[in-house]
Amino acid sequence: MAAPAATQYGSPDVDAAGQQLFDELIAQDSRIEPRDWMPEAYRKSLTRQISQHAHSEIIGMQPEANWITRAPSLKRKAILMAKVQDEAGHGLYLYSAAETLGTPRDKMTEDLIAGKARYSSIFNYPVLTWADIGAIGWLVDGAAICNQVPLCRASYGPYGRAMVRICKEESFHQRQGFEILLELANGTQAQRDMAQDAINRWYAPSLMMFGPPDDDSPNSKQSMAWNIKRFSNDELRSRFVGMIAEQVKALGLSLPDPDVRFNEDTGKWEHGPLDWEEFKEVLAGRGPCNAQRMERRREAHEDGAWVREAAAAYADKQARRAASATEAA
Amino acid sequence: MSEANASATRITPGNALRPEDIAASDAVPSPEAAEYALWLGDDSLILAQRLGWWISRAPELEEDVALANIALDLIGHARSFLTYAGSASGRTEDELAYFRREPEFRSAHLFEQPNGDFARTIARQFVVSHYQWELYSRLAHSTDATLAGIAAKAVKEVDYHRDHSLQWVLRLAQGTEESRRRMIAGLKLTWPYVEELFADEPLIDALGGAAVRPSSLREPFDAAVAAVLAEADLEVPAVPGATGGGRHGVHSEHLGYILAELQVLAREHPGASW
């Protein structure tokens with residue numbers, strides 16, 4: 001999608017006027033819309049962020065889809081299918097939002113398949129038991145919500161609006177995850193052990209979903225200046241810790257971190273040290289499931305190529321038929 | 001769809017019959033109606049299990065969504081039928097789905113067939129959705145009010161499945177050479193299992209107006225399917241029908257694997273609640 005004609009980039013006058021309007025809109029905390037002039041760096045940064053978010057939804061389908069065929073009750077099976085389906089839907093809205101910035105969905109997909117684009121590292125951890133499905137809903141979707149609710153107010157209109165709908169569904173996902181754990185926590189000893197084990201494994205990775213500590217987060221400052229990001233990584237992480245520290249009590253289970261506490265002086269929740277070396281390793285592609293996730297996405301894409309080609313060829317033929325029918329008439 | 005709308009139970013959005021409603025109701029099927037509900041419930045359960053595999057593997061995100069939708073509808077139908085079937089013997093939908101052994105299942109072989117490639121999955125869905133539409137649009141008038149209620153809801157959903165699969169049959173048959181070749185192959189692999197769907201069983205005689213006679217569905221099914229295949233410039237595959245047996249618990253070799261995966265976790269924790 002080319003930039004609309006109303007926004008001729010590259011001419012010094014237009015750029016200066018555009019930059020001024022953009023700065024004003026940001027200062028007023030208003031929204032930037034696809035046809036508005038925007039700095040190239042803003043466009044690039046948002047394209048990166050929204051497409052990464054879309055890719056995360058798509059890759060994130062895999063670890064949960066892994067349990068659809070084994071879900072232990074028909075009701076849980078239906079809920080899980082609906083949840084993974086929602087994630088495909090989120091991917092679709094987000095790719096559409098990113099497309100309004102000028103990058104076609106095919107290109108974003110190609111970048112993902114080629115390993116050029118990132119997705120959330122959390123999905124490179126294995127989903128080993130049914131309780132992991134609960135822990136992912138509660139912790140991973142819970143962390144995602146903490147991150148995403150402020151994004152509903154992101155300065156870029158299509159992104160903010162997509163996030164409103166996504167957040168509603170994510171909060172349902174989080175509740176269903178918590179409910180899975182609650183059921184396990186009230187179940188047999190084996191079920192309780194399964195739930196605790198899952199929390200133990202997903203706790204630290206979910207805290208790391210907020211990104212590196214503030215003093216080591218290179219993109220945060222600019223993103224906050226542009227009203228895309230509203231709160232710092234550490235601020236959001238602290239809020240999340242406070243939330244789960246309370247909720248885990250209702251489960252009668254515990255967080256695997258003896259240092260979780262509310263600091264009366266700062267008014268913030270604190271947690272123990274996180275292994276940022278592991279985070280970097282997983283980010284660099286050396287996590288437990290990076291290769292597996294990429295292989296599966298690539299395989300689905302390549303196996304489906306003939307179907308997409310057929311659909312395109314059929315649509316062309318139909319269009320030609322319709323055109324010649326119009327001509328004949 | 002006028003037949004479905006004419007249902008005595010008047011299912012409307014927000015007023016749909018859910019498995020929980022069936023469990024809570026006093027309606028208990030006769031042993032014959034319970035057996036019949038198992039047929040239909042198992043068909044949908046096994047196919048939902050098959051389709052669930054596609055979610056995260058489909059050729060397009062839109063198809064992940066569409067196939068998930070169909071699987072979800074089918075699992076909904078299965079839950080209702082199994083809940084009703086189980087109420088005759090004091091068993092829940094989950095006890096039936098997770099703790100019956102293979103010979104106790106009643107699915108027809110078609111529903112157990114592998115996904116294969118996308119064309120084969122579409123061929124199977126094309127047959128199933130046309131069969132189920134003919135079936136449910138009539139079962140909506142069953143003398144058994146619960147079966148009628150489940151069917152009246154299901155037929156609306158299956159109507160969408162029918163449209164989805166026939167659109168793909170047209171696209172694949174008239175898309176590229178490769179897609180046409182695959183569509184033809186998919187139909188050919190599917191067709192041996194069509195016959196079993198329309199075989200009458202003694203159970204049907206015992207059910208009278210509560211059930212729909214399978215053989216009575218053959219003609220409308222053939223006509224509907226032939227019309228789509230003609231539009232796609234395809235022929236009805238000329239392949240011999242396979243011996244079925246699903247309604248008597250004699251299954252394809254595939255079912256054992258399907259159940260192994262479906263049941264593994266529930267069986268590790270007998271009596272547990274999820």
# chains A, B, ... in the order shown; residues from 1 in each chain; ligands from 1
$ interface_residues --of "chain A" --to "chain B" --cutoff "9 Å" --atoms "only C-alpha atoms" --output "PyMOL selection string"
chain A and resi 58-59+61-62+65-66+68-79+81-82+84-86+88-89+91-92+130+180+183-184+187-188+190-191+296-297+299-315+317
$ closest_atom_pairs --of "region 64-163 of chain A" --to "region 204-214 of chain A" --cutoff "12 Å" --atoms "only C-alpha atoms" --output "Markdown table"
| residue | atom | partner | partner_atom | distance |
| --- | --- | --- | --- | --- |
| A:Tyr119 | CA | A:Met209 | CA | 11.0 |
| A:Ser120 | CA | A:Met209 | CA | 7.4 |
| A:Ser121 | CA | A:Met209 | CA | 7.6 |
| A:Ile122 | CA | A:Pro205 | CA | 6.2 |
| A:Phe123 | CA | A:Pro205 | CA | 9.6 |
| A:Asn124 | CA | A:Pro205 | CA | 10.0 |
| A:Tyr125 | CA | A:Pro205 | CA | 8.4 |
| A:Pro126 | CA | A:Pro205 | CA | 11.4 |
| A:Ala135 | CA | A:Ser206 | CA | 9.7 |
| A:Ile136 | CA | A:Ser206 | CA | 8.6 |
| A:Gly137 | CA | A:Ser206 | CA | 10.8 |
| A:Trp138 | CA | A:Ser206 | CA | 9.8 |
| A:Leu139 | CA | A:Ser206 | CA | 6.1 |
| A:Val140 | CA | A:Ser206 | CA | 5.4 |
| A:Asp141 | CA | A:Ser206 | CA | 8.8 |
| A:Gly142 | CA | A:Ser206 | CA | 8.7 |
| A:Ala143 | CA | A:Ser206 | CA | 6.4 |
| A:Ala144 | CA | A:Met209 | CA | 7.7 |
| A:Ile145 | CA | A:Phe210 | CA | 10.8 |
| A:Cys146 | CA | A:Phe210 | CA | 8.9 |
| A:Asn147 | CA | A:Phe210 | CA | 7.1 |
| A:Gln148 | CA | A:Phe210 | CA | 10.5 |
$ closest_residue --among "A:Leu236, A:Ala291, A:Ala97, A:Ile199" --to "Leu255 (chain A)" --atoms "only C-alpha atoms"
A:Ile199
$ residues_around --residues "Ile26 (chain A)" --least-positions-apart "3" --cutoff "9 Å" --atoms "only C-alpha atoms" --output "VMD selection string"
chain A and resid 21 to 23 29 to 32 155 225 to 227
$ write_last_selection --atoms "C-alpha atoms" --output "compact mmCIF listing (two decimals), in the first residue's frame"
# COMPACT_ATOMS: atom_id res chain seq x y z
CA LEU A 21 1.09 18.83 12.77
CA PHE A 22 2.39 15.46 13.98
CA ASP A 23 4.14 17.10 16.94
CA ASP A 29 -2.32 13.24 23.07
CA SER A 30 -4.46 12.87 19.92
CA ARG A 31 -4.40 10.08 17.40
CA ILE A 32 -2.30 9.71 14.29
CA SER A 155 -1.10 7.30 19.49
CA ALA A 225 7.84 10.18 23.63
CA TRP A 226 5.60 9.14 20.74
CA ASN A 227 2.78 8.11 23.11
$ residues_around --residues "Gly60 (chain A)" --least-positions-apart "4" --cutoff "8 Å" --atoms "only C-alpha atoms" --output "PDB file with all heavy atoms, in the first residue's frame"
ATOM      1  N   SER A  56       3.540 -12.800  17.178  1.00  0.00           N
ATOM      2  CA  SER A  56       3.458 -13.464  18.487  1.00  0.00           C
ATOM      3  C   SER A  56       2.128 -14.181  18.639  1.00  0.00           C
ATOM      4  O   SER A  56       2.057 -15.283  19.206  1.00  0.00           O
ATOM      5  CB  SER A  56       3.605 -12.445  19.618  1.00  0.00           C
ATOM      6  OG  SER A  56       4.837 -11.779  19.504  1.00  0.00           O
ATOM      7  N   GLU A  64      -0.381 -23.815  22.499  1.00  0.00           N
ATOM      8  CA  GLU A  64      -1.685 -24.183  23.056  1.00  0.00           C
ATOM      9  C   GLU A  64      -2.412 -25.174  22.165  1.00  0.00           C
ATOM     10  O   GLU A  64      -3.069 -26.096  22.648  1.00  0.00           O
ATOM     11  CB  GLU A  64      -2.509 -22.922  23.297  1.00  0.00           C
ATOM     12  CG  GLU A  64      -1.893 -22.089  24.401  1.00  0.00           C
ATOM     13  CD  GLU A  64      -2.680 -20.841  24.650  1.00  0.00           C
ATOM     14  OE1 GLU A  64      -2.506 -19.872  23.891  1.00  0.00           O
ATOM     15  OE2 GLU A  64      -3.479 -20.853  25.596  1.00  0.00           O
ATOM     16  N   GLU A  87      -6.768 -16.196  18.903  1.00  0.00           N
ATOM     17  CA  GLU A  87      -5.406 -15.728  18.635  1.00  0.00           C
ATOM     18  C   GLU A  87      -5.177 -15.534  17.136  1.00  0.00           C
ATOM     19  O   GLU A  87      -4.536 -14.574  16.723  1.00  0.00           O
ATOM     20  CB  GLU A  87      -4.384 -16.690  19.251  1.00  0.00           C
ATOM     21  CG  GLU A  87      -4.277 -16.440  20.752  1.00  0.00           C
ATOM     22  CD  GLU A  87      -3.881 -17.655  21.574  1.00  0.00           C
ATOM     23  OE1 GLU A  87      -3.464 -18.671  20.994  1.00  0.00           O
ATOM     24  OE2 GLU A  87      -4.028 -17.583  22.807  1.00  0.00           O
ATOM     25  N   PHE A 123       6.925 -17.831  23.758  1.00  0.00           N
ATOM     26  CA  PHE A 123       6.382 -18.993  23.037  1.00  0.00           C
ATOM     27  C   PHE A 123       7.455 -19.994  22.643  1.00  0.00           C
ATOM     28  O   PHE A 123       7.167 -20.996  22.009  1.00  0.00           O
ATOM     29  CB  PHE A 123       5.557 -18.525  21.836  1.00  0.00           C
ATOM     30  CG  PHE A 123       4.420 -17.631  22.264  1.00  0.00           C
ATOM     31  CD1 PHE A 123       4.340 -16.313  21.853  1.00  0.00           C
ATOM     32  CD2 PHE A 123       3.447 -18.115  23.128  1.00  0.00           C
ATOM     33  CE1 PHE A 123       3.313 -15.489  22.294  1.00  0.00           C
ATOM     34  CE2 PHE A 123       2.419 -17.288  23.570  1.00  0.00           C
ATOM     35  CZ  PHE A 123       2.349 -15.974  23.149  1.00  0.00           C
TER      36      PHE A 123
END
$ select_by_dssp --residues "region 219-324 of chain A" --states "helix (DSSP H, G or I)" --output "number ranges by chain"
A: 220-225, 233-251, 276-286, 290-303, 305-324
